[in-house]
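**Q** Next comes the structure file data-v2.csv, holding CSV, C-alpha atoms and all ligand atoms.
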```csv
chain,number,residue,atom,x,y,z
H,4,MET,CA,163.3,144.1,151.7
H,5,LYS,CA,161.7,145.9,148.8
H,6,GLU,CA,160.1,149.3,148.3
H,7,ALA,CA,156.3,148.8,148.9
H,8,SER,CA,153.5,149.6,146.5
H,9,PHE,CA,150.4,151.6,147.2
H,10,TYR,CA,151.8,154.4,149.4
H,11,GLU,CA,152.5,158.2,149.2
H,12,LYS,CA,155.2,160.3,150.7
H,13,LEU,CA,154.0,163.0,153.1
H,14,ASP,CA,156.9,165.3,154.1
H,15,GLY,CA,159.0,162.6,155.9
H,16,GLN,CA,156.0,160.5,156.8
H,17,VAL,CA,154.4,157.9,154.5
H,18,LYS,CA,150.8,156.9,154.1
H,19,CYS,CA,150.2,153.2,153.2
H,20,TYR,CA,147.1,152.5,151.1
H,21,LEU,CA,147.4,148.7,151.0
H,22,CYS,CA,144.7,148.0,153.6
H,23,PRO,CA,141.9,150.0,155.1
H,24,HIS,CA,144.0,151.0,158.1
H,25,GLU,CA,145.8,153.4,155.8
H,26,CYS,CA,148.5,153.9,158.4
H,27,ILE,CA,150.5,157.2,158.5
H,28,ILE,CA,154.0,156.1,159.5
H,29,GLN,CA,156.8,158.3,160.9
H,30,ASP,CA,160.4,157.8,159.8
H,31,GLY,CA,161.9,154.7,161.4
H,32,LYS,CA,158.4,153.3,162.5
H,33,ARG,CA,156.2,150.5,161.2
H,34,GLY,CA,152.6,150.2,160.3
H,35,SER,CA,150.0,148.3,162.3
H,36,CYS,CA,151.0,145.1,160.5
H,37,ARG,CA,154.6,145.3,161.9
H,38,VAL,CA,156.2,144.5,158.5
H,39,ARG,CA,155.9,147.7,156.5
H,40,LYS,CA,158.4,150.4,157.6
H,41,ASN,CA,159.1,154.0,156.8
H,42,PHE,CA,162.9,153.9,156.0
H,43,GLU,CA,164.2,157.4,155.4
H,44,GLY,CA,160.9,158.5,153.8
H,45,LYS,CA,160.3,155.3,151.7
H,46,LEU,CA,157.8,152.6,152.6
H,47,ILE,CA,159.6,149.3,152.7
H,48,SER,CA,158.1,145.8,152.7
H,49,GLU,CA,160.4,144.1,155.3
H,50,ASN,CA,159.2,140.6,154.8
H,51,TYR,CA,159.7,140.5,151.0
H,52,ARG,CA,161.4,137.1,150.3
H,53,GLN,CA,161.1,136.2,154.0
H,54,ILE,CA,159.5,132.8,154.5
H,55,CYS,CA,158.5,131.5,157.9
H,56,SER,CA,156.6,128.4,157.1
H,57,TYR,CA,156.2,126.2,154.0
H,58,ASN,CA,154.6,122.8,153.3
H,59,PHE,CA,152.8,120.7,150.8
H,60,ASP,CA,149.3,120.7,152.3
H,61,PRO,CA,146.0,119.1,151.2
H,62,ILE,CA,143.9,121.8,149.6
H,63,GLU,CA,141.2,120.9,152.1
H,64,LYS,CA,143.4,122.4,154.8
H,65,LYS,CA,143.1,126.0,153.5
H,66,PRO,CA,140.0,125.2,153.7
H,67,LEU,CA,138.9,124.8,150.1
H,68,TYR,CA,136.6,121.9,149.5
H,69,HIS,CA,135.3,122.9,146.0
H,70,PHE,CA,138.6,123.7,144.4
H,71,PHE,CA,140.4,120.7,142.9
H,72,PRO,CA,139.4,118.4,145.8
H,73,GLY,CA,142.0,115.9,147.0
H,74,LYS,CA,144.9,117.8,145.5
H,75,THR,CA,148.1,119.0,147.2
H,76,ILE,CA,149.1,122.6,147.2
H,77,PHE,CA,152.5,124.1,148.1
H,78,SER,CA,151.7,126.5,151.0
H,79,ILE,CA,153.9,129.4,152.2
H,80,GLY,CA,153.6,132.0,154.8
H,81,SER,CA,155.6,134.8,156.5
H,82,ILE,CA,155.2,137.0,159.5
H,83,GLY,CA,152.9,139.9,160.3
H,84,CYS,CA,149.2,140.7,160.0
H,85,ASN,CA,147.0,143.7,159.7
H,86,LEU,CA,144.5,142.3,162.2
H,87,HIS,CA,145.2,141.7,165.9
H,88,CYS,CA,142.7,139.0,166.7
H,89,SER,CA,142.6,138.1,170.4
H,90,PHE,CA,141.8,134.5,169.4
H,91,CYS,CA,144.5,134.1,166.6
H,92,GLN,CA,145.4,130.5,166.0
H,93,ASN,CA,148.8,131.5,164.4
H,94,TRP,CA,149.7,134.4,166.7
H,95,GLU,CA,153.4,133.5,167.0
H,96,ILE,CA,153.9,134.4,163.4
H,97,SER,CA,151.1,136.8,162.7
H,98,GLN,CA,151.8,139.1,165.7
H,99,SER,CA,155.6,139.2,165.0
H,100,GLY,CA,157.9,141.6,163.2
H,101,ILE,CA,161.2,140.9,161.5
H,102,ASP,CA,163.1,141.6,164.8
H,103,ASN,CA,161.5,138.6,166.5
H,104,HIS,CA,162.3,136.2,163.6
H,105,PRO,CA,165.9,136.8,162.6
H,106,TYR,CA,166.2,133.3,161.0
H,107,LEU,CA,163.6,133.4,158.3
H,108,ARG,CA,164.3,131.5,155.1
H,109,SER,CA,165.0,133.8,152.1
H,110,ASN,CA,163.8,132.7,148.6
H,111,SER,CA,163.3,134.5,145.4
H,112,PRO,CA,159.9,134.3,143.6
H,113,ALA,CA,161.6,131.9,141.1
H,114,ASP,CA,162.8,129.7,143.9
H,115,ILE,CA,159.3,129.3,145.2
H,116,VAL,CA,157.8,128.5,141.8
H,117,ASN,CA,160.6,125.9,141.2
H,118,LEU,CA,159.8,124.4,144.6
H,119,ALA,CA,156.1,124.2,143.8
H,120,LYS,CA,157.0,122.5,140.5
H,121,SER,CA,159.3,120.0,142.2
H,122,ARG,CA,156.3,117.7,142.9
H,123,SER,CA,154.4,116.5,139.9
H,124,ASP,CA,151.2,116.0,141.9
H,125,ASN,CA,151.2,119.6,143.2
H,126,LEU,CA,148.4,121.9,142.2
H,127,GLY,CA,150.1,125.3,142.7
H,128,ILE,CA,150.9,127.8,145.4
H,129,ALA,CA,148.8,128.9,148.4
H,130,PHE,CA,149.6,132.1,150.3
H,131,THR,CA,148.6,131.3,153.8
H,132,TYR,CA,149.5,130.8,157.5
H,133,ASN,CA,149.8,134.6,158.2
H,134,GLU,CA,147.9,137.3,156.3
H,135,PRO,CA,149.3,137.4,152.8
H,136,THR,CA,148.0,141.0,152.2
H,137,VAL,CA,151.0,142.2,154.3
H,138,TRP,CA,153.3,140.3,152.0
H,139,TYR,CA,151.7,141.8,149.0
H,140,GLU,CA,154.7,142.6,146.7
H,141,TYR,CA,156.2,139.2,147.2
H,142,MET,CA,152.9,137.4,146.7
H,143,PHE,CA,152.3,139.4,143.6
H,144,ASP,CA,155.7,138.6,142.1
H,145,ILE,CA,155.3,134.9,142.8
H,146,ALA,CA,151.7,134.7,141.5
H,147,LEU,CA,152.8,136.4,138.3
H,148,LEU,CA,155.5,133.8,137.7
H,149,ALA,CA,153.2,130.9,138.9
H,150,LYS,CA,150.6,131.8,136.2
H,151,GLN,CA,153.2,131.7,133.5
H,152,GLU,CA,153.9,128.1,134.7
H,153,GLN,CA,150.2,127.1,134.7
H,154,LEU,CA,150.2,126.7,138.5
H,155,LYS,CA,147.0,127.5,140.4
H,156,THR,CA,147.2,130.2,143.0
H,157,VAL,CA,145.3,130.5,146.2
H,158,MET,CA,145.0,133.3,148.8
H,159,VAL,CA,143.9,132.5,152.3
H,160,THR,CA,142.9,135.9,153.7
H,161,ASN,CA,141.1,138.0,156.3
H,162,GLY,CA,139.8,140.1,153.4
H,163,PHE,CA,141.0,143.4,155.0
H,164,ILE,CA,142.6,144.8,151.8
H,165,ASN,CA,141.8,147.9,149.8
H,166,SER,CA,140.1,147.4,146.5
H,167,LYS,CA,142.8,148.9,144.3
H,168,PRO,CA,145.6,146.4,145.3
H,169,LEU,CA,143.1,143.6,145.3
H,170,GLU,CA,141.9,144.3,141.7
H,171,LYS,CA,145.6,144.5,140.6
H,172,LEU,CA,146.1,141.0,142.0
H,173,LEU,CA,143.0,139.3,140.7
H,174,PRO,CA,144.3,138.3,137.2
H,175,TYR,CA,147.0,136.2,139.0
H,176,MET,CA,144.9,134.6,141.8
H,177,ASP,CA,142.5,131.7,141.1
H,178,ALA,CA,140.8,131.1,144.5
H,179,PHE,CA,140.2,132.8,147.8
H,180,SER,CA,139.5,131.4,151.2
H,181,VAL,CA,138.1,134.3,153.2
H,182,ASP,CA,137.7,134.5,156.9
H,183,LEU,CA,134.5,136.2,157.8
H,184,LYS,CA,135.2,136.3,161.5
H,185,ALA,CA,131.8,137.6,162.7
H,186,PHE,CA,128.9,139.7,161.4
H,187,THR,CA,129.0,142.7,163.7
H,188,GLU,CA,131.2,145.8,163.6
H,189,GLN,CA,131.5,145.6,167.4
H,190,PHE,CA,133.1,142.2,167.2
H,191,TYR,CA,135.6,143.3,164.6
H,192,LYS,CA,136.5,146.4,166.6
H,193,GLN,CA,136.8,144.7,170.0
H,194,HIS,CA,138.5,141.4,168.9
H,195,THR,CA,140.4,142.1,165.7
H,196,SER,CA,141.2,145.9,165.8
H,197,SER,CA,139.7,146.3,162.4
H,198,LYS,CA,136.3,146.7,160.6
H,199,LEU,CA,133.7,144.3,159.1
H,200,ALA,CA,132.5,146.6,156.2
H,201,PRO,CA,135.8,146.3,154.1
H,202,VAL,CA,135.8,142.5,154.5
H,203,LEU,CA,132.2,142.4,153.1
H,204,GLU,CA,133.4,144.7,150.2
H,205,THR,CA,136.2,142.3,149.4
H,206,ILE,CA,133.8,139.3,149.3
H,207,LYS,CA,131.5,141.3,147.0
H,208,LEU,CA,134.4,142.3,144.7
H,209,LEU,CA,135.6,138.7,144.4
H,210,THR,CA,132.1,137.6,143.5
H,211,LYS,CA,131.8,140.4,140.9
H,212,HIS,CA,135.0,139.1,139.3
H,213,ASN,CA,133.7,135.5,139.3
H,214,LYS,CA,136.6,134.3,141.5
H,215,HIS,CA,136.3,131.0,143.3
H,216,ILE,CA,135.6,131.9,146.9
H,217,GLU,CA,134.9,129.9,150.1
H,218,ILE,CA,134.0,131.6,153.4
H,219,THR,CA,135.1,130.4,156.8
H,220,ASN,CA,133.4,131.5,160.0
H,221,LEU,CA,135.1,130.6,163.3
H,222,ILE,CA,132.5,130.3,166.0
H,223,ILE,CA,133.7,131.5,169.4
H,224,THR,CA,131.7,130.6,172.5
H,225,GLU,CA,129.5,133.4,173.7
H,226,THR,CA,131.3,135.9,171.5
H,227,ASN,CA,130.0,135.6,167.9
H,228,ASP,CA,127.7,132.5,168.2
H,229,SER,CA,124.3,134.1,168.5
H,230,GLU,CA,121.6,132.6,166.3
H,231,LYS,CA,120.5,136.1,165.2
H,232,GLU,CA,123.9,137.2,164.2
H,233,PHE,CA,124.6,133.9,162.4
H,234,ARG,CA,121.2,134.1,160.5
H,235,GLY,CA,122.1,137.6,159.4
H,236,MET,CA,125.4,136.5,158.0
H,237,VAL,CA,123.9,133.5,156.1
H,238,ASP,CA,121.2,135.8,154.6
H,239,TRP,CA,123.9,138.3,153.5
H,240,ILE,CA,125.9,135.5,151.9
H,241,VAL,CA,122.8,134.2,150.0
H,242,ASN,CA,121.9,137.7,148.8
H,243,GLU,CA,125.4,138.8,147.8
H,244,THR,CA,127.2,135.7,146.7
H,245,GLY,CA,124.5,133.1,146.1
H,246,GLU,CA,123.2,129.9,147.7
H,247,ASP,CA,126.0,127.8,146.1
H,248,THR,CA,128.6,129.7,148.2
H,249,VAL,CA,130.7,127.3,150.2
H,250,LEU,CA,130.6,128.1,154.0
H,251,HIS,CA,132.9,126.4,156.5
H,252,ILE,CA,131.8,126.7,160.1
H,253,SER,CA,134.9,126.2,162.2
H,254,ARG,CA,135.3,125.2,165.8
H,255,TYR,CA,137.3,127.6,168.1
H,256,PHE,CA,139.7,126.4,170.7
H,257,PRO,CA,141.2,128.7,173.4
H,258,MET,CA,144.2,130.4,172.0
H,259,TYR,CA,146.4,133.5,172.5
H,260,LYS,CA,144.5,136.0,174.6
H,261,MET,CA,141.0,134.3,174.3
H,262,SER,CA,140.2,131.9,177.1
H,263,LYS,CA,136.5,131.1,176.5
H,264,GLU,CA,135.9,127.4,176.4
H,265,ALA,CA,136.0,125.6,173.1
H,266,THR,CA,132.8,125.8,171.0
H,267,SER,CA,130.4,123.0,171.9
H,268,THR,CA,129.5,120.5,169.2
H,269,GLU,CA,125.8,121.2,170.0
H,270,LYS,CA,126.3,124.8,169.0
H,271,LEU,CA,128.2,123.9,165.9
H,272,ASN,CA,125.5,121.4,164.9
H,273,GLN,CA,122.7,124.0,165.6
H,274,LEU,CA,124.4,126.6,163.4
H,275,TYR,CA,125.1,124.0,160.7
H,276,ALA,CA,121.4,123.2,160.5
H,277,ILE,CA,120.6,126.9,160.2
H,278,ALA,CA,123.1,127.5,157.4
H,279,LYS,CA,121.8,124.4,155.5
H,280,GLU,CA,118.3,125.9,155.4
H,281,LYS,CA,119.6,128.4,152.8
H,282,LEU,CA,123.0,127.3,151.6
H,283,ASN,CA,123.7,124.2,149.5
H,284,TYR,CA,127.3,123.6,150.6
H,285,VAL,CA,128.1,123.9,154.3
H,286,TYR,CA,130.9,122.1,156.2
H,287,LEU,CA,132.1,121.8,159.7
H,288,GLY,CA,135.8,122.3,160.5
H,289,ASN,CA,138.2,121.6,163.4
H,290,ILE,CA,135.9,118.9,164.6
H,291,ARG,CA,135.7,115.1,164.4
H,292,SER,CA,132.2,114.7,163.1
H,293,GLY,CA,130.4,112.5,160.6
H,294,GLU,CA,128.2,115.3,159.5
H,295,GLY,CA,129.5,118.4,157.6
H,296,GLN,CA,132.4,116.6,156.0
H,297,ASP,CA,131.2,115.0,152.8
H,298,THR,CA,129.8,116.7,149.7
H,299,PHE,CA,126.4,115.9,148.4
H,300,CYS,CA,124.8,116.8,145.0
H,301,GLU,CA,122.4,119.6,145.7
H,302,LYS,CA,119.9,118.2,143.1
H,303,CYS,CA,119.7,114.4,143.8
H,304,ASN,CA,121.5,114.4,147.2
H,305,SER,CA,123.9,111.6,146.1
H,306,LYS,CA,127.2,111.6,148.1
H,307,VAL,CA,129.8,112.8,145.6
H,308,ILE,CA,132.9,113.4,147.7
H,309,GLU,CA,133.8,111.5,150.9
H,310,ARG,CA,136.2,113.0,153.4
H,311,THR,CA,137.8,111.4,156.5
H,312,GLY,CA,140.1,114.0,158.1
H,313,TYR,CA,142.2,115.2,155.1
H,314,GLN,CA,141.7,112.0,153.1
H,315,THR,CA,139.4,113.0,150.2
H,316,GLN,CA,137.8,110.6,147.7
H,317,ILE,CA,135.8,111.7,144.7
H,318,ILE,CA,133.2,109.0,144.4
H,319,GLY,CA,130.3,110.4,142.5
H,320,LEU,CA,131.6,113.1,140.0
H,321,ASP,CA,132.9,112.9,136.5
H,322,LYS,CA,136.1,114.8,135.5
H,323,ALA,CA,134.1,118.0,134.8
H,324,GLY,CA,132.6,117.9,138.3
H,325,ASN,CA,129.1,116.8,137.3
H,326,CYS,CA,127.1,114.4,139.5
H,327,LEU,CA,127.4,110.9,138.0
H,328,LYS,CA,123.8,110.1,138.8
H,329,CYS,CA,121.9,113.2,137.7
H,330,LYS,CA,124.5,115.2,135.7
H,331,GLN,CA,124.1,118.3,137.9
H,332,LEU,CA,127.3,120.4,138.0
H,333,VAL,CA,128.6,120.3,141.6
H,334,ILE,CA,132.2,121.4,141.4
H,335,SER,CA,133.4,123.5,138.4
H,336,ASN,CA,137.1,123.3,139.4
H,337,CYS,CA,137.2,119.5,139.9
H,338,CYS,CA,140.0,117.8,138.0
H,339,LEU,CA,143.0,119.0,136.1
Q,401,LIG,S1,149.3,147.1,155.2
Q,401,LIG,FE1,150.3,147.5,157.2
Q,401,LIG,S2,151.2,149.6,157.0
Q,401,LIG,FE2,149.8,149.3,155.3
Q,401,LIG,S3,147.9,150.3,156.0
Q,401,LIG,FE3,147.7,148.0,156.4
Q,401,LIG,S4,148.5,147.8,158.5
Q,401,LIG,FE4,149.1,149.8,157.8
```
Written as structure tokens, that's how I'd like the structure from this file.
Ligand code: SF4

**A**
Amino acid sequence: MKEASFYEKLDGQVKCYLCPHECIIQDGKRGSCRVRKNFEGKLISENYRQICSYNFDPIEKKPLYHFFPGKTIFSIGSIGCNLHCSFCQNWEISQSGIDNHPYLRSNSPADIVNLAKSRSDNLGIAFTYNEPTVWYEYMFDIALLAKQEQLKTVMVTNGFINSKPLEKLLPYMDAFSVDLKAFTEQFYKQHTSSKLAPVLETIKLLTKHNKHIEITNLIITETNDSEKEFRGMVDWIVNETGEDTVLHISRYFPMYKMSKEATSTEKLNQLYAIAKEKLNYVYLGNIRSGEGQDTFCEKCNSKVIERTGYQTQIIGLDKAGNCLKCKQLVISNCCL
């Protein structure tokens, strides 16, 4: 446990400013994320040092396809989330508080950095599995140490964070994988208990600060899969973050409270074709498919990276990430 940042005391209650919910919390109660508690008039981060899952994962699993492709990254997660998605793929940890998980592993930030350094082929540390925003203080302390050790840092996030805490974190975070779950406020309200607008603001802020960002859009059958909505999202991405923005279109499977059937491959292929009309780098996730896996040079169309599952082979790039055939820069964060 640690006293939280970004809150104010309000006569026994506290108001948290970490994410746009801005919960006002009574003494003894928790915020919507279930892991920030008013303890005798102080806001406490209950999951500080509390680790639920950790693993050395392929960076492609985050998913990040244009950030040191083929590398391994030490990935850690805890419990809690500030969204309550009916289709959550990790609901057992994201929709839990500390009381449901009495046996979490406790590690100091230095322990985590040492674990990350224990494998010489490891790129750095990814904050993932549950929403790292609700683990802010611990993530911040680890990221600060990680940068001192020249480790790369990655945040896999729903983007529902206020700008002030995000800006404070930016110097210590290299790359962001952001879930853009849909492109309507109605979807966000009905299926996530949150709002779309702050997520779009996060993506804009990351772009303004030249952070590496890749966007993932999970397509759910008859829920956020309309061509009109999808085209609107692609247009917004092109206008706000540019045609080189990496977009991962991900296949949904029934999970948690959502029982719609899995997204059809026809639908995914249709949306993939639409995205490719305007974006240079579009990928398909959660699907066994020949298309939408490999990376091609946007200028000469040579295949530069080949992927089979999480096996990644760089076949057409030099160490700086330029296409071997035409010298076009394809991946600026390519090799260490
Ligand atoms: S981080 Fe948690 S407590 Fe703070 S505003 Fe968001 S949901 Fe509420």

**Q** When distances are computed from only C-alpha atoms, which of H:Thr219, H:Thr224, H:Ser123, H:Ser196 shows the smallest separation from H:Ile252?

**A**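 Of the candidates, the smallest distance to H:Ile252 is held by H:Thr219.
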
**Q** Counting all atoms listed in the file, name the residues that have an atom within 8 Å of an atom of ligand LIG 401 (chain Q); the answer should be given as a PyMOL selection string.

**A** chain H and resi 18-28+33-40+84-86+136-137+164

**Q** For a quick check of understanding, using only C-alpha atoms, which of H:Val202, H:Ala185, H:Cys88, H:Leu148 has the smallest distance to H:Ser166?

**A** H:Val202

**Q** Taking 6 positions as the minimum chain separation for residues in the same chain, which residues sit within 10 Å of stretch 303-312 of chain H when counting only C-alpha atoms? Answer as a VMD selection string.

**A** chain H and resid 63 to 64 68 to 69 72 to 73 288 to 293 295 to 297 318 to 321 324 to 331 333 to 334

**Q** Counting all atoms listed in the file, find the residues whose atoms lie at most 9 Å from (142.3, 125.8, 145.5) (file coordinates) and write them out as a list in words.

**A**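 Residues with an atom close enough to that point: Ile62, Glu63, Lys65, Pro66, Leu67, Tyr68, His69, Phe70, Phe71, Pro72, Lys74, Ile76, Leu126, Gly127, Ile128, Ala129, Lys155, Thr156, Val157, Met158, Asp177, Ala178, Phe179, Ser180, His215 and Asn336 of chain H.
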
**Q** For the selection just defined, write its residues with C-alpha atoms to a file, as a PDB file, keeping the file's coordinate frame.

**A**
```pdb
ATOM      1  CA  ILE H  62     143.900 121.800 149.600  1.00  0.00           C
ATOM      2  CA  GLU H  63     141.200 120.900 152.100  1.00  0.00           C
ATOM      3  CA  LYS H  65     143.100 126.000 153.500  1.00  0.00           C
ATOM      4  CA  PRO H  66     140.000 125.200 153.700  1.00  0.00           C
ATOM      5  CA  LEU H  67     138.900 124.800 150.100  1.00  0.00           C
ATOM      6  CA  TYR H  68     136.600 121.900 149.500  1.00  0.00           C
ATOM      7  CA  HIS H  69     135.300 122.900 146.000  1.00  0.00           C
ATOM      8  CA  PHE H  70     138.600 123.700 144.400  1.00  0.00           C
ATOM      9  CA  PHE H  71     140.400 120.700 142.900  1.00  0.00           C
ATOM     10  CA  PRO H  72     139.400 118.400 145.800  1.00  0.00           C
ATOM     11  CA  LYS H  74     144.900 117.800 145.500  1.00  0.00           C
ATOM     12  CA  ILE H  76     149.100 122.600 147.200  1.00  0.00           C
ATOM     13  CA  LEU H 126     148.400 121.900 142.200  1.00  0.00           C
ATOM     14  CA  GLY H 127     150.100 125.300 142.700  1.00  0.00           C
ATOM     15  CA  ILE H 128     150.900 127.800 145.400  1.00  0.00           C
ATOM     16  CA  ALA H 129     148.800 128.900 148.400  1.00  0.00           C
ATOM     17  CA  LYS H 155     147.000 127.500 140.400  1.00  0.00           C
ATOM     18  CA  THR H 156     147.200 130.200 143.000  1.00  0.00           C
ATOM     19  CA  VAL H 157     145.300 130.500 146.200  1.00  0.00           C
ATOM     20  CA  MET H 158     145.000 133.300 148.800  1.00  0.00           C
ATOM     21  CA  ASP H 177     142.500 131.700 141.100  1.00  0.00           C
ATOM     22  CA  ALA H 178     140.800 131.100 144.500  1.00  0.00           C
ATOM     23  CA  PHE H 179     140.200 132.800 147.800  1.00  0.00           C
ATOM     24  CA  SER H 180     139.500 131.400 151.200  1.00  0.00           C
ATOM     25  CA  HIS H 215     136.300 131.000 143.300  1.00  0.00           C
ATOM     26  CA  ASN H 336     137.100 123.300 139.400  1.00  0.00           C
TER      27      ASN H 336
END
```

**Q** Taking into account all atoms listed in the file, which residue in the set H:Asn41, H:Ser197, H:Thr75, H:Ser89 is nearest to H:Tyr313?

**A**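 Going through H:Asn41, H:Ser197, H:Thr75, H:Ser89 one by one, the smallest distance to H:Tyr313 is for H:Thr75.
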
**Q** What does the structure give for the distance between atom CA of H:Cys338 and atom CA of H:Ile145, in Å to one decimal?

**A**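 If I compute the distance from atom CA of H:Cys338 to atom CA of H:Ile145, I get 23.4 Å.
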
**Q** Just want the 7 Å neighbourhood of H:Gln29, counted on all atoms listed in the file, with same-chain residues fewer than 5 positions away dropped. Output as a list in words.

**A**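 Counting only the stated atoms, we get Gly15, Gln16, Val17 and Asn41 of chain H.
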
**Q** What is the distance, in Å and to one decimal place, between atom CA of H:Phe9 and atom CA of H:Lys167?

**A**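 It comes out at 8.6 Å.
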
**Q** From the options H:Glu280, H:Asp124, H:Asp14, H:Asp60, which residue's atoms come nearest to H:Gly44, counting only C-alpha atoms?

**A**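 The shortest atom-to-atom distance to H:Gly44 comes from H:Asp14.
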
**Q** If we count only C-alpha atoms and set the cut-off at 6 Å, which residues sit around stretch 116-120 of chain H, ignoring sequence neighbours fewer than 3 positions away in its own chain? Please answer as an mmCIF file with C-alpha atoms, in the coordinates of the input.

**A**
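After the write, around_24.cif holds the following:
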```
data_model
loop_
_atom_site.group_PDB
_atom_site.id
_atom_site.type_symbol
_atom_site.label_atom_id
_atom_site.label_comp_id
_atom_site.auth_asym_id
_atom_site.auth_seq_id
_atom_site.Cartn_x
_atom_site.Cartn_y
_atom_site.Cartn_z
ATOM 1 C CA PHE H 77 152.500 124.100 148.100
ATOM 2 C CA ALA H 113 161.600 131.900 141.100
ATOM 3 C CA ALA H 149 153.200 130.900 138.900
#
```

**Q** Quick one: pull the distance between atom CA of H:Ile206 and atom CA of H:Gly162, Å, one decimal.

**A**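 Value for the atom CA of H:Ile206-atom CA of H:Gly162 distance: 7.3 Å.
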
**Q** Choose the residue, out of H:Ile47, H:Leu208, H:Val285, H:Cys91, that has the smallest atom-to-atom separation from H:Tyr10; count all atoms listed in the file.

**A**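 Under the stated criterion, the closest residue is H:Ile47.
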
**Q** When you look at H:Asn110 with a cut-off of 8 Å (counting all atoms listed in the file), what residues show up, excluding the ones that are within fewer than 3 positions of it in the same chain? I need them as a list of chain:residue names.

**A**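 My reading of the contact set: H:Arg52, H:Gln53, H:Ile54, H:Ala113, H:Asp114, H:Ile115.
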
**Q** From the list H:Glu230, H:Glu170, H:Glu134, H:Glu95, which residue is nearest H:Lys211 when using only C-alpha atoms?

**A**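 Of all the options, H:Glu170 lies closest to H:Lys211.
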
**Q** So that I can check the surroundings of stretch 232-238 of chain H, please list as a ChimeraX atom specification every protein, DNA and RNA residue that reaches within 9 Å of it, counting only C-alpha atoms and ignoring chain neighbours fewer than 5 positions away.

**A** /H:185-187,227,243,250,274,277-278,281-282

**Q** In the coordinate frame of the file, compute which residues have an atom within 8 Å of (130.4, 122.0, 167.2) when using all atoms listed in the file, and state them as a list in words.

**A**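 Answer for this query, in the requested form: Ser253, Arg254, Thr266, Ser267, Thr268, Glu269, Lys270, Leu271, Asn272, Leu287 and Ile290 of chain H.
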
**Q** Complete stretch 233-244 of chain H at the level of N, CA and C atoms, written as a compact mmCIF listing (two decimals), in the coordinates of the input.

**A**
```txt
# COMPACT_ATOMS: atom_id res chain seq x y z
N PHE H 233 124.21 134.92 163.35
CA PHE H 233 124.60 133.90 162.40
C PHE H 233 123.55 133.91 161.20
N ARG H 234 122.26 134.02 161.54
CA ARG H 234 121.20 134.10 160.50
C ARG H 234 121.43 135.29 159.59
N GLY H 235 121.80 136.41 160.21
CA GLY H 235 122.10 137.60 159.40
C GLY H 235 123.20 137.42 158.45
N MET H 236 124.24 136.72 158.90
CA MET H 236 125.40 136.50 158.00
C MET H 236 125.00 135.53 156.88
N VAL H 237 124.26 134.49 157.19
CA VAL H 237 123.90 133.50 156.10
C VAL H 237 122.98 134.26 155.11
N ASP H 238 122.06 135.09 155.57
CA ASP H 238 121.20 135.80 154.60
C ASP H 238 122.03 136.74 153.73
N TRP H 239 123.03 137.39 154.33
CA TRP H 239 123.90 138.30 153.50
C TRP H 239 124.63 137.47 152.48
N ILE H 240 125.15 136.32 152.85
CA ILE H 240 125.90 135.50 151.90
C ILE H 240 124.96 135.07 150.74
N VAL H 241 123.76 134.62 151.08
CA VAL H 241 122.80 134.20 150.00
C VAL H 241 122.52 135.34 149.09
N ASN H 242 122.27 136.52 149.65
CA ASN H 242 121.90 137.70 148.80
C ASN H 242 123.08 138.17 147.97
N GLU H 243 124.28 138.17 148.53
CA GLU H 243 125.40 138.80 147.80
C GLU H 243 126.23 137.84 146.99
N THR H 244 126.36 136.61 147.41
CA THR H 244 127.20 135.70 146.70
C THR H 244 126.52 134.43 146.22
```
